[in-house]
Amino acid sequence: MKQVQEAYIVAAVRSPVGKAPRGMLKNVRPDDLLAHVLRAALDRLPTLDRSLIEDVIVGCAMPEGEQGMNVARIGTLLAGLPNTVAGMTINRFCSSGLNAIALAADRIRLGEADVMIAAGVESMSMVPMGGNKLSLGSSIFEREENIAIAYGMGLTAEKVATQWGISREDQDIFALQSHTRALAALAEGRFADEIAPLDVTYRVPNLASGEVELLNKSLFHDEGPRADTSLETLAKLKTVFSAKGSVTAGNSSQMSDGAAALVLVSEKILKQFDLQPLAKFINFAIRGVAPEIMGIGPKEAIPAALKMAGLTLAQMEWIELNEAFAAQALAVSRDLGLDMNLVNPNGGAIALGHPLGATGAIRAATLIHGLRRQSKSGVYGMVSMCIGTGMGAAGIFQSV
């Protein structure tokens with residue numbers, strides 16, 4: 001791709017992440033949740049002319065039901081953006097939010113747009129994994145090499161754990177670290193800059209009066225991190241996907257609800273509206289792997305992104321590696337020799353949740369604000385994740 005200009009991120013916000021299917025966001029529609037983060041991102045840019053926004057690209061892994069009907073366009077309209085602002089929903093499963101950022105950045109870098117919004121949204125409370133109607137073609141089962149397309153994510157994690165020799169104890173230790181780091185980040189307010197608080201109304205039955213009362217609550221924090229997690233507790237959990245396996249609910253990512261939005265602009269817009277850039281988008285790489293070991297995808301995508309950018313792993317100051325499962329995160333980290341002090345310093349999806357198509361955008365917001373909080377300018381960070389059916393993605397950002 002011949003680049004003609006840089007793409008800068010000038011706003012990056014996310015919602016608090018709720019646990020699905022019975023958590024704090026279970027009754028919040030995903031289009032409303034998307035509208036919330038879009039408004040919140042633009043509220044941070046009061047001088048920016050909204051009519052200059054070219055398109056809103058939104059990642060969603062299960063774009064049907066309450067998050068169907070091109071949720072990007074619906075969320076854009078609900079957010080009060082001008083009718084001239086278009087919207088497009090994309091789906092590459094768990095990398096959808098990161099892919100949305102890459103597509104938005106490319107429009108700017110090619111000179112086709114000057115203002116773009118990238119976002120991700122997922123309500124796993126309202127639309128379950130696999131969608132409301134899972135329908136696999138019979139041809140998948142006609143040849144042995146295609147059967148893995150139908151494997152559940154947990155089974156692929158078991159296969160990675162076996163093939164890469166990741167023990168149950170190591171997975172549980174990794175899971176505990178995710179919660180410990182996330183709790184420390186919450187206690188120190190490290191998510192404050194990226195989270196756009198959300199007001200939610202709950203309907204609560206009053207058994208004494210027989211009436212339904214309305215309870216208004218402002219949500220500021222992620223729901224997933226658990227202070228009562230311990231190695232002893234994790235060790236007692238039964239395996240979920242294989243009787244003799246090692247993958248449990250405790251060392252797997254949480255099903256979640258959440259959304260995030262990032263505003264990207266060209267240098268011309270930076271100067272015209274006196275905007276302060278948070279980061280610069282560098283590049284994005286996607287690679288395929290065998291479906292039965294889909295979790296290992298980042299092992300191929302990360303080197304590809306680094307090679308494309310002319311960078312080395314040693315130049316990465318922060319790595320957000322999505323913790324779909326402890327087994328796959330550990331396998332990737334060990335194979336690539338990642339510095340575990342730089343991987344998910346605020347915890348990952350095991351503690352913070354994994355709202356599928358929103359995760360890439362959420363993790364990008366965490367990375368961008370994390371680098372700025374360290375007052376590091378000009379350094380690089382990466383967001384990477386595995387993807388269902390056997391893929392891996394990686395995106396590189398540079399702090400400004």
# chains A, B, ... in the order shown; residues from 1 in each chain; ligands from 1
$ residues_around --residues "Asp172 of chain A" --least-positions-apart "2" --cutoff "8 Å" --atoms "only C-alpha atoms" --output "PyMOL selection string"
chain A and resi 168-170+174-176+231+234-235+250-251+326
$ residues_around --residues "segment 275-281 of chain A" --least-positions-apart "3" --cutoff "6 Å" --atoms "only C-alpha atoms" --output "PyMOL selection string"
chain A and resi 7-10+270+397-400
$ select_by_dssp --residues "segment 110-166 of chain A" --states "alpha helix (DSSP H)" --output "list in words"
Met153, Gly154, Leu155, Thr156, Ala157, Glu158, Lys159, Val160, Ala161, Thr162 and Gln163 of chain A
$ residues_around --residues "Cys60 of chain A" --least-positions-apart "4" --cutoff "8 Å" --atoms "only C-alpha atoms" --output "list in words"
Gln67, Thr89, Ile90, Asn91, Arg92, Phe93, Ser96, Gly97, Gly120, Val121, Glu122, Leu356, Gly357 and Ala358 of chain A
$ residues_around --residues "Thr239 of chain A" --least-positions-apart "4" --cutoff "6 Å" --atoms "only C-alpha atoms" --output "PyMOL selection string"
chain A and resi 246-248
$ residues_around --residues "Leu264 of chain A" --least-positions-apart "5" --cutoff "12 Å" --atoms "only C-alpha atoms" --output "ChimeraX atom specification"
/A:6-12,41-42,45,48,52-57,100-109,113-119,269-270,275-281
$ residues_around --residues "Gly370 of chain A" --least-positions-apart "4" --cutoff "12 Å" --atoms "only C-alpha atoms" --output "PyMOL selection string"
chain A and resi 12+185+189-194+278-279+317-320+342+344-346+363-366+374-377+379-382+397-399
$ write_last_selection --atoms "N, CA and C atoms" --output "JSON list (two decimals), in the first residue's frame"
[["chain", "number", "residue", "atom", "x", "y", "z"],
["A", 12, "ALA", "N", -10.01, 7.91, 22.08],
["A", 12, "ALA", "CA", -10.15, 6.45, 22.23],
["A", 12, "ALA", "C", -10.87, 6.19, 23.55],
["A", 185, "ALA", "N", -4.93, -2.32, 38.56],
["A", 185, "ALA", "CA", -5.22, -1.23, 37.63],
["A", 185, "ALA", "C", -6.48, -0.48, 38.03],
["A", 189, "GLY", "N", -6.83, 3.47, 39.36],
["A", 189, "GLY", "CA", -7.52, 4.34, 38.41],
["A", 189, "GLY", "C", -6.92, 4.38, 37.03],
["A", 190, "ARG", "N", -6.27, 3.29, 36.63],
["A", 190, "ARG", "CA", -5.58, 3.30, 35.33],
["A", 190, "ARG", "C", -6.53, 3.23, 34.14],
["A", 191, "PHE", "N", -7.79, 2.86, 34.37],
["A", 191, "PHE", "CA", -8.74, 2.79, 33.27],
["A", 191, "PHE", "C", -9.59, 4.07, 33.15],
["A", 192, "ALA", "N", -9.38, 5.01, 34.04],
["A", 192, "ALA", "CA", -10.25, 6.19, 34.10],
["A", 192, "ALA", "C", -10.26, 6.98, 32.80],
["A", 193, "ASP", "N", -9.11, 7.13, 32.15],
["A", 193, "ASP", "CA", -9.04, 7.95, 30.94],
["A", 193, "ASP", "C", -9.74, 7.30, 29.75],
["A", 194, "GLU", "N", -9.84, 5.99, 29.76],
["A", 194, "GLU", "CA", -10.40, 5.30, 28.60],
["A", 194, "GLU", "C", -11.88, 4.95, 28.74],
["A", 278, "LEU", "N", -3.21, 11.27, 20.18],
["A", 278, "LEU", "CA", -2.85, 10.33, 21.24],
["A", 278, "LEU", "C", -1.85, 9.29, 20.73],
["A", 279, "ALA", "N", -2.02, 8.90, 19.49],
["A", 279, "ALA", "CA", -1.16, 7.87, 18.91],
["A", 279, "ALA", "C", -1.26, 7.92, 17.40],
["A", 317, "GLU", "N", 6.91, -1.58, 23.57],
["A", 317, "GLU", "CA", 6.93, -1.21, 24.99],
["A", 317, "GLU", "C", 5.70, -1.75, 25.73],
["A", 318, "TRP", "N", 4.69, -2.17, 24.99],
["A", 318, "TRP", "CA", 3.44, -2.63, 25.61],
["A", 318, "TRP", "C", 2.77, -3.56, 24.61],
["A", 319, "ILE", "N", 2.32, -4.72, 25.07],
["A", 319, "ILE", "CA", 1.64, -5.67, 24.19],
["A", 319, "ILE", "C", 0.32, -6.08, 24.83],
["A", 320, "GLU", "N", -0.77, -5.77, 24.15],
["A", 320, "GLU", "CA", -2.09, -6.25, 24.56],
["A", 320, "GLU", "C", -2.37, -7.52, 23.77],
["A", 342, "LEU", "N", 5.60, -6.94, 29.89],
["A", 342, "LEU", "CA", 5.01, -6.00, 28.93],
["A", 342, "LEU", "C", 3.69, -6.50, 28.37],
["A", 344, "ASN", "N", -0.02, -7.42, 28.69],
["A", 344, "ASN", "CA", -1.22, -7.19, 29.50],
["A", 344, "ASN", "C", -0.90, -6.71, 30.92],
["A", 345, "PRO", "N", -0.19, -5.59, 31.06],
["A", 345, "PRO", "CA", 0.16, -5.11, 32.40],
["A", 345, "PRO", "C", -1.05, -4.72, 33.25],
["A", 346, "ASN", "N", -2.20, -4.47, 32.61],
["A", 346, "ASN", "CA", -3.42, -4.15, 33.35],
["A", 346, "ASN", "C", -4.37, -5.34, 33.43],
["A", 363, "ARG", "N", -9.05, -3.07, 23.58],
["A", 363, "ARG", "CA", -7.63, -3.26, 23.91],
["A", 363, "ARG", "C", -6.77, -2.16, 23.30],
["A", 364, "ALA", "N", -7.16, -1.64, 22.15],
["A", 364, "ALA", "CA", -6.42, -0.53, 21.55],
["A", 364, "ALA", "C", -6.53, 0.72, 22.43],
["A", 365, "ALA", "N", -7.72, 0.97, 22.97],
["A", 365, "ALA", "CA", -7.90, 2.12, 23.86],
["A", 365, "ALA", "C", -7.04, 1.97, 25.11],
["A", 366, "THR", "N", -6.99, 0.76, 25.66],
["A", 366, "THR", "CA", -6.16, 0.51, 26.83],
["A", 366, "THR", "C", -4.69, 0.74, 26.52],
["A", 374, "GLN", "N", 2.32, 6.64, 30.82],
["A", 374, "GLN", "CA", 3.73, 6.46, 31.14],
["A", 374, "GLN", "C", 4.59, 7.60, 30.60],
["A", 375, "SER", "N", 3.92, 8.58, 29.97],
["A", 375, "SER", "CA", 4.61, 9.75, 29.40],
["A", 375, "SER", "C", 5.68, 9.33, 28.40],
["A", 376, "LYS", "N", 5.34, 8.30, 27.64],
["A", 376, "LYS", "CA", 6.27, 7.83, 26.63],
["A", 376, "LYS", "C", 5.80, 8.27, 25.25],
["A", 377, "SER", "N", 6.60, 9.08, 24.58],
["A", 377, "SER", "CA", 6.26, 9.55, 23.25],
["A", 377, "SER", "C", 7.18, 8.91, 22.23],
["A", 379, "VAL", "N", 7.12, 5.81, 21.23],
["A", 379, "VAL", "CA", 7.36, 4.38, 21.43],
["A", 379, "VAL", "C", 6.21, 3.57, 20.84],
["A", 380, "TYR", "N", 6.46, 2.28, 20.68],
["A", 380, "TYR", "CA", 5.51, 1.42, 19.99],
["A", 380, "TYR", "C", 4.80, 0.46, 20.93],
["A", 381, "GLY", "N", 3.56, 0.15, 20.58],
["A", 381, "GLY", "CA", 2.79, -0.86, 21.29],
["A", 381, "GLY", "C", 2.00, -1.68, 20.30],
["A", 382, "MET", "N", 1.52, -2.83, 20.75],
["A", 382, "MET", "CA", 0.84, -3.75, 19.84],
["A", 382, "MET", "C", -0.41, -4.34, 20.48],
["A", 397, "PHE", "N", 0.81, 0.41, 17.04],
["A", 397, "PHE", "CA", 0.55, 1.82, 17.26],
["A", 397, "PHE", "C", 1.80, 2.49, 17.81],
["A", 398, "GLN", "N", 1.92, 3.78, 17.56],
["A", 398, "GLN", "CA", 3.04, 4.55, 18.11],
["A", 398, "GLN", "C", 2.49, 5.72, 18.90],
["A", 399, "SER", "N", 2.96, 5.87, 20.14],
["A", 399, "SER", "CA", 2.49, 6.97, 20.96],
["A", 399, "SER", "C", 3.00, 8.30, 20.41]]
$ residues_around --residues "Cys386 of chain A" --least-positions-apart "6" --cutoff "10 Å" --atoms "only C-alpha atoms" --output "PyMOL selection string"
chain A and resi 93-95+286-289+293-301+321-325+328-329+332+392-394
$ write_last_selection --atoms "C-alpha atoms" --output "compact mmCIF listing (two decimals), in the first residue's frame"
# COMPACT_ATOMS: atom_id res chain seq x y z
CA PHE A 93 -14.75 -12.53 14.77
CA CYS A 94 -12.44 -11.58 17.67
CA SER A 95 -10.31 -9.18 15.63
CA ILE A 286 -3.60 -10.92 9.49
CA ARG A 287 -2.50 -14.55 9.08
CA GLY A 288 -4.21 -17.93 8.95
CA VAL A 289 -3.40 -21.06 10.94
CA ILE A 293 -5.17 -24.70 16.94
CA MET A 294 -6.73 -21.32 16.20
CA GLY A 295 -5.37 -19.85 19.45
CA ILE A 296 -1.83 -19.85 18.11
CA GLY A 297 -2.75 -17.30 15.42
CA PRO A 298 -0.85 -14.33 16.97
CA LYS A 299 2.37 -16.34 16.65
CA GLU A 300 2.14 -15.79 12.90
CA ALA A 301 0.51 -12.35 12.82
CA LEU A 321 -2.39 -9.98 23.80
CA ASN A 322 -6.00 -11.02 24.07
CA GLU A 323 -6.41 -13.79 26.62
CA ALA A 324 -8.98 -15.93 24.86
CA PHE A 325 -7.54 -18.79 26.92
CA GLN A 328 -3.08 -20.06 23.90
CA ALA A 329 -1.75 -16.82 25.41
CA VAL A 332 2.13 -17.61 21.86
CA GLY A 392 -4.37 -14.30 14.07
CA ALA A 393 -4.24 -10.50 13.91
CA ALA A 394 -1.80 -7.86 15.11
$ closest_residue --among "A:Asp335, A:Asp32, A:Glu211, A:Asp274" --to "Ala72 of chain A" --atoms "only C-alpha atoms"
A:Asp32
$ decode --residues "segment 5-24 of chain A" --atoms "N, CA and C atoms" --output "PDB file, in the first residue's frame"
ATOM      1  N   GLN A   5      -0.352   9.797   3.587  1.00  0.00           N
ATOM      2  CA  GLN A   5      -0.398  10.605   4.801  1.00  0.00           C
ATOM      3  C   GLN A   5      -0.571   9.689   6.012  1.00  0.00           C
ATOM      4  N   GLU A   6      -0.316  10.235   7.197  1.00  0.00           N
ATOM      5  CA  GLU A   6      -0.423   9.463   8.430  1.00  0.00           C
ATOM      6  C   GLU A   6      -1.853   9.486   8.968  1.00  0.00           C
ATOM      7  N   ALA A   7      -2.178   8.468   9.756  1.00  0.00           N
ATOM      8  CA  ALA A   7      -3.475   8.399  10.433  1.00  0.00           C
ATOM      9  C   ALA A   7      -3.233   8.492  11.933  1.00  0.00           C
ATOM     10  N   TYR A   8      -3.829   9.498  12.561  1.00  0.00           N
ATOM     11  CA  TYR A   8      -3.648   9.737  13.987  1.00  0.00           C
ATOM     12  C   TYR A   8      -4.928   9.426  14.762  1.00  0.00           C
ATOM     13  N   ILE A   9      -4.768   8.842  15.942  1.00  0.00           N
ATOM     14  CA  ILE A   9      -5.908   8.633  16.841  1.00  0.00           C
ATOM     15  C   ILE A   9      -5.983   9.832  17.771  1.00  0.00           C
ATOM     16  N   VAL A  10      -7.134  10.490  17.792  1.00  0.00           N
ATOM     17  CA  VAL A  10      -7.297  11.679  18.629  1.00  0.00           C
ATOM     18  C   VAL A  10      -8.288  11.465  19.769  1.00  0.00           C
ATOM     19  N   ALA A  11      -8.989  10.365  19.761  1.00  0.00           N
ATOM     20  CA  ALA A  11      -9.875   9.996  20.870  1.00  0.00           C
ATOM     21  C   ALA A  11     -10.000   8.485  20.882  1.00  0.00           C
ATOM     22  N   ALA A  12     -10.010   7.907  22.082  1.00  0.00           N
ATOM     23  CA  ALA A  12     -10.147   6.453  22.227  1.00  0.00           C
ATOM     24  C   ALA A  12     -10.868   6.185  23.545  1.00  0.00           C
ATOM     25  N   VAL A  13     -12.105   5.762  23.459  1.00  0.00           N
ATOM     26  CA  VAL A  13     -12.893   5.522  24.669  1.00  0.00           C
ATOM     27  C   VAL A  13     -13.580   4.163  24.583  1.00  0.00           C
ATOM     28  N   ARG A  14     -13.961   3.673  25.734  1.00  0.00           N
ATOM     29  CA  ARG A  14     -14.695   2.408  25.797  1.00  0.00           C
ATOM     30  C   ARG A  14     -15.712   2.459  26.920  1.00  0.00           C
ATOM     31  N   SER A  15     -16.630   1.549  26.854  1.00  0.00           N
ATOM     32  CA  SER A  15     -17.595   1.398  27.937  1.00  0.00           C
ATOM     33  C   SER A  15     -16.983   0.551  29.035  1.00  0.00           C
ATOM     34  N   PRO A  16     -17.566   0.560  30.239  1.00  0.00           N
ATOM     35  CA  PRO A  16     -17.231  -0.494  31.191  1.00  0.00           C
ATOM     36  C   PRO A  16     -17.651  -1.827  30.562  1.00  0.00           C
ATOM     37  N   VAL A  17     -16.978  -2.892  30.901  1.00  0.00           N
ATOM     38  CA  VAL A  17     -17.302  -4.201  30.353  1.00  0.00           C
ATOM     39  C   VAL A  17     -18.091  -4.999  31.384  1.00  0.00           C
ATOM     40  N   GLY A  18     -19.262  -5.500  30.973  1.00  0.00           N
ATOM     41  CA  GLY A  18     -20.116  -6.278  31.860  1.00  0.00           C
ATOM     42  C   GLY A  18     -20.026  -7.759  31.572  1.00  0.00           C
ATOM     43  N   LYS A  19     -20.341  -8.568  32.567  1.00  0.00           N
ATOM     44  CA  LYS A  19     -20.341 -10.022  32.406  1.00  0.00           C
ATOM     45  C   LYS A  19     -21.639 -10.468  31.751  1.00  0.00           C
ATOM     46  N   ALA A  20     -21.524 -11.383  30.807  1.00  0.00           N
ATOM     47  CA  ALA A  20     -22.704 -11.935  30.143  1.00  0.00           C
ATOM     48  C   ALA A  20     -22.952 -13.354  30.675  1.00  0.00           C
ATOM     49  N   PRO A  21     -24.189 -13.792  30.723  1.00  0.00           N
ATOM     50  CA  PRO A  21     -25.401 -13.114  30.226  1.00  0.00           C
ATOM     51  C   PRO A  21     -26.231 -12.427  31.310  1.00  0.00           C
ATOM     52  N   ARG A  22     -25.710 -12.352  32.540  1.00  0.00           N
ATOM     53  CA  ARG A  22     -26.532 -11.811  33.622  1.00  0.00           C
ATOM     54  C   ARG A  22     -25.860 -10.651  34.334  1.00  0.00           C
ATOM     55  N   GLY A  23     -24.993  -9.938  33.642  1.00  0.00           N
ATOM     56  CA  GLY A  23     -24.237  -8.867  34.264  1.00  0.00           C
ATOM     57  C   GLY A  23     -24.892  -7.503  34.176  1.00  0.00           C
ATOM     58  N   MET A  24     -24.105  -6.491  34.455  1.00  0.00           N
ATOM     59  CA  MET A  24     -24.637  -5.138  34.598  1.00  0.00           C
ATOM     60  C   MET A  24     -25.120  -4.531  33.286  1.00  0.00           C
TER      61      MET A  24
END
